[in-house]
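The block underneath contains the structure these notes are about, expressed in structure tokens.
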Amino acid sequence: TVYDHQELTGEFPVTGDGYIAHPIYRTVRVVGVPQDEIERRVQEILYDFDAQPRFVVEPLVQVVVGGEVRQPNLYALSPEMTVSQAVGLAGGVTDRARLDRVRLIRDGVEHRLDLTAPDAAIREMNVQSGDQIIVDRRVSIFREYIAPAGSIASAIVSVIALIVR
């Protein structure tokens, strides 16, 4: 965010080689660079537009939140956000969700989380770029087995009734 310069403000992706993908900021490398160094580089660029630039650089990471949440999507989140907060940001869970069975896929490795556990370390785990958070569904014997079986049985009885006539 660059105050008084809306045209320089926005969320900008990072290229594969670690630079900001924006015509003005394209010389600023952000991957593997400390936050204060990124801010210094952005400030140098902004001096071309303002003698005393006022700005905030807030890194965001891409995280997928899906499964039994109300608004599954790809989210750009602050790295300080926790897994629990990410689930809340996705509209919270549906009535069929199992917060004791949340899958976190990070760097190709699946971790099982219990967000109902009193262990604060799990609940307070921060998100990282590329994370996938999937809230599992509670199994409903009636909804998933009995109701479909009843529908199939009803269809079979209807077909037999038509054949017998």
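By order in the structure tokens, chains are A, B, ...; within a chain, residues start at 1; ligands start at 1, following the order shown.
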
Which of region 47-158 of chain A DSSP labels strand (DSSP E or B), written as number ranges by chain: A: 55, 61-67, 69, 73-77, 82, 93, 97-106, 109-113, 126, 132-137

So that I can see what lies close to Arg40 (chain A), please list as a PDB file with N, CA and C atoms, in the first residue's frame the residues with an atom at most 12 Å from it, counting only C-alpha atoms and leaving out residues fewer than 5 positions away in the same chain.
```
ATOM      1  N   VAL A  28      12.658  -5.734  -7.776  1.00  0.00           N
ATOM      2  CA  VAL A  28      12.696  -6.053  -6.338  1.00  0.00           C
ATOM      3  C   VAL A  28      12.564  -7.557  -6.151  1.00  0.00           C
ATOM      4  N   ARG A  29      13.652  -8.167  -5.683  1.00  0.00           N
ATOM      5  CA  ARG A  29      13.636  -9.602  -5.368  1.00  0.00           C
ATOM      6  C   ARG A  29      13.072  -9.754  -3.953  1.00  0.00           C
ATOM      7  N   VAL A  30      12.118 -10.689  -3.784  1.00  0.00           N
ATOM      8  CA  VAL A  30      11.486 -10.865  -2.479  1.00  0.00           C
ATOM      9  C   VAL A  30      11.694 -12.247  -1.875  1.00  0.00           C
ATOM     10  N   VAL A  33      14.693 -12.893   0.859  1.00  0.00           N
ATOM     11  CA  VAL A  33      15.213 -11.586   1.249  1.00  0.00           C
ATOM     12  C   VAL A  33      14.487 -11.130   2.512  1.00  0.00           C
ATOM     13  N   PRO A  34      15.213 -10.608   3.517  1.00  0.00           N
ATOM     14  CA  PRO A  34      14.553 -10.133   4.741  1.00  0.00           C
ATOM     15  C   PRO A  34      13.574  -8.990   4.451  1.00  0.00           C
ATOM     16  N   GLN A  35      12.528  -8.910   5.253  1.00  0.00           N
ATOM     17  CA  GLN A  35      11.470  -7.915   5.073  1.00  0.00           C
ATOM     18  C   GLN A  35      12.026  -6.488   5.035  1.00  0.00           C
ATOM     19  N   ILE A  45      12.641   2.749  -5.091  1.00  0.00           N
ATOM     20  CA  ILE A  45      11.832   2.910  -6.301  1.00  0.00           C
ATOM     21  C   ILE A  45      10.816   4.023  -6.117  1.00  0.00           C
ATOM     22  N   LEU A  46      10.201   4.089  -4.941  1.00  0.00           N
ATOM     23  CA  LEU A  46       9.151   5.083  -4.703  1.00  0.00           C
ATOM     24  C   LEU A  46       9.685   6.509  -4.638  1.00  0.00           C
ATOM     25  N   TYR A  47      10.991   6.680  -4.384  1.00  0.00           N
ATOM     26  CA  TYR A  47      11.570   8.026  -4.393  1.00  0.00           C
ATOM     27  C   TYR A  47      11.404   8.698  -5.756  1.00  0.00           C
ATOM     28  N   PRO A  53       8.035   8.963   0.523  1.00  0.00           N
ATOM     29  CA  PRO A  53       6.975   7.956   0.332  1.00  0.00           C
ATOM     30  C   PRO A  53       6.553   7.316   1.653  1.00  0.00           C
ATOM     31  N   PHE A  55       4.463   4.037   2.858  1.00  0.00           N
ATOM     32  CA  PHE A  55       3.985   2.785   2.283  1.00  0.00           C
ATOM     33  C   PHE A  55       4.099   1.657   3.302  1.00  0.00           C
ATOM     34  N   VAL A  56       3.405   0.577   2.998  1.00  0.00           N
ATOM     35  CA  VAL A  56       3.447  -0.643   3.805  1.00  0.00           C
ATOM     36  C   VAL A  56       3.609  -1.809   2.842  1.00  0.00           C
ATOM     37  N   VAL A  57       4.561  -2.685   3.120  1.00  0.00           N
ATOM     38  CA  VAL A  57       4.736  -3.904   2.348  1.00  0.00           C
ATOM     39  C   VAL A  57       4.281  -5.055   3.230  1.00  0.00           C
TER      40      VAL A  57
END
```

Backbone-only DSSP, helix (DSSP H, G or I) members of region 1-164 of chain A, as a PyMOL selection string: chain A and resi 6-8+35-46+83-89+120-123+141-164

Which residues, written as a list in words, have at least one atom at most 7 Å from Leu99 (chain A), with only C-alpha atoms counted and residues fewer than 4 positions away on the same chain left out? Asp114, Leu115, Thr116 and Val135 of chain A

Nearby residues (only C-alpha atoms) at most 8 Å from region 131-133 of chain A, same-chain spacing under 6 positions excluded, as JSON, numbers by chain: {"A": [62, 63, 64, 65, 66, 83, 87, 102, 103, 104, 105, 106, 107]}

Which residues are near Thr9 (chain A)? Cut-off 12 Å, only C-alpha atoms, ignore same chain within fewer than 5 positions. Put them as a PDB file with N, CA, C and O atoms, in the first residue's frame.
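Just written: out02.pdb:
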```pdb
ATOM      1  N   THR A   1       0.847  -1.172   0.000  1.00  0.00           N
ATOM      2  CA  THR A   1       0.000   0.000   0.000  1.00  0.00           C
ATOM      3  C   THR A   1       0.890   1.230   0.000  1.00  0.00           C
ATOM      4  O   THR A   1       1.722   1.389   0.887  1.00  0.00           O
ATOM      5  N   VAL A   2       0.704   2.080  -1.017  1.00  0.00           N
ATOM      6  CA  VAL A   2       1.443   3.337  -1.098  1.00  0.00           C
ATOM      7  C   VAL A   2       0.425   4.451  -0.909  1.00  0.00           C
ATOM      8  O   VAL A   2      -0.467   4.631  -1.737  1.00  0.00           O
ATOM      9  N   TYR A   3       0.549   5.174   0.182  1.00  0.00           N
ATOM     10  CA  TYR A   3      -0.409   6.229   0.501  1.00  0.00           C
ATOM     11  C   TYR A   3      -0.271   7.381  -0.484  1.00  0.00           C
ATOM     12  O   TYR A   3       0.831   7.760  -0.863  1.00  0.00           O
ATOM     13  N   ASP A   4      -1.399   7.923  -0.908  1.00  0.00           N
ATOM     14  CA  ASP A   4      -1.497   9.029  -1.862  1.00  0.00           C
ATOM     15  C   ASP A   4      -1.046   8.646  -3.276  1.00  0.00           C
ATOM     16  O   ASP A   4      -0.839   9.521  -4.114  1.00  0.00           O
ATOM     17  N   HIS A  22       5.508  -6.838 -11.496  1.00  0.00           N
ATOM     18  CA  HIS A  22       4.877  -5.544 -11.727  1.00  0.00           C
ATOM     19  C   HIS A  22       5.882  -4.684 -12.478  1.00  0.00           C
ATOM     20  O   HIS A  22       7.078  -4.705 -12.154  1.00  0.00           O
ATOM     21  N   ILE A  24       6.777  -1.620 -12.415  1.00  0.00           N
ATOM     22  CA  ILE A  24       7.568  -0.665 -11.618  1.00  0.00           C
ATOM     23  C   ILE A  24       8.437  -1.386 -10.591  1.00  0.00           C
ATOM     24  O   ILE A  24       9.586  -1.011 -10.362  1.00  0.00           O
ATOM     25  N   TYR A  25       7.911  -2.442  -9.981  1.00  0.00           N
ATOM     26  CA  TYR A  25       8.625  -3.129  -8.894  1.00  0.00           C
ATOM     27  C   TYR A  25       9.407  -4.358  -9.371  1.00  0.00           C
ATOM     28  O   TYR A  25       9.922  -5.111  -8.562  1.00  0.00           O
ATOM     29  N   VAL A  42      11.925  -1.204  -2.137  1.00  0.00           N
ATOM     30  CA  VAL A  42      10.688  -0.571  -2.599  1.00  0.00           C
ATOM     31  C   VAL A  42      10.772   0.937  -2.375  1.00  0.00           C
ATOM     32  O   VAL A  42      10.381   1.731  -3.240  1.00  0.00           O
ATOM     33  N   LEU A  46      10.201   4.089  -4.941  1.00  0.00           N
ATOM     34  CA  LEU A  46       9.151   5.083  -4.703  1.00  0.00           C
ATOM     35  C   LEU A  46       9.685   6.509  -4.638  1.00  0.00           C
ATOM     36  O   LEU A  46       8.927   7.461  -4.829  1.00  0.00           O
ATOM     37  N   ARG A  54       5.242   7.159   1.786  1.00  0.00           N
ATOM     38  CA  ARG A  54       4.669   6.434   2.934  1.00  0.00           C
ATOM     39  C   ARG A  54       4.021   5.184   2.361  1.00  0.00           C
ATOM     40  O   ARG A  54       3.142   5.285   1.506  1.00  0.00           O
ATOM     41  N   PHE A  55       4.463   4.037   2.858  1.00  0.00           N
ATOM     42  CA  PHE A  55       3.985   2.785   2.283  1.00  0.00           C
ATOM     43  C   PHE A  55       4.099   1.657   3.302  1.00  0.00           C
ATOM     44  O   PHE A  55       4.796   1.779   4.317  1.00  0.00           O
ATOM     45  N   VAL A  56       3.405   0.577   2.998  1.00  0.00           N
ATOM     46  CA  VAL A  56       3.447  -0.643   3.805  1.00  0.00           C
ATOM     47  C   VAL A  56       3.609  -1.809   2.842  1.00  0.00           C
ATOM     48  O   VAL A  56       2.883  -1.909   1.850  1.00  0.00           O
ATOM     49  N   VAL A  57       4.561  -2.685   3.120  1.00  0.00           N
ATOM     50  CA  VAL A  57       4.736  -3.904   2.348  1.00  0.00           C
ATOM     51  C   VAL A  57       4.281  -5.055   3.230  1.00  0.00           C
ATOM     52  O   VAL A  57       4.851  -5.291   4.290  1.00  0.00           O
ATOM     53  N   GLU A  58       3.238  -5.727   2.799  1.00  0.00           N
ATOM     54  CA  GLU A  58       2.717  -6.864   3.561  1.00  0.00           C
ATOM     55  C   GLU A  58       2.783  -8.105   2.688  1.00  0.00           C
ATOM     56  O   GLU A  58       2.069  -8.204   1.688  1.00  0.00           O
TER      57      GLU A  58
END
```

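For the residues A:Ala161, A:Ala86, A:Ile38, A:Ala21, ranking by smallest atom-to-atom distance to Val61 (chain A) using only C-alpha atoms places A:Ala86 first.
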
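Using only C-alpha atoms, the shortest contact distance between Arg137 (chain A) and any of A:Gly67, A:Gly92, A:Gly32, A:Gly16 is found at A:Gly67.
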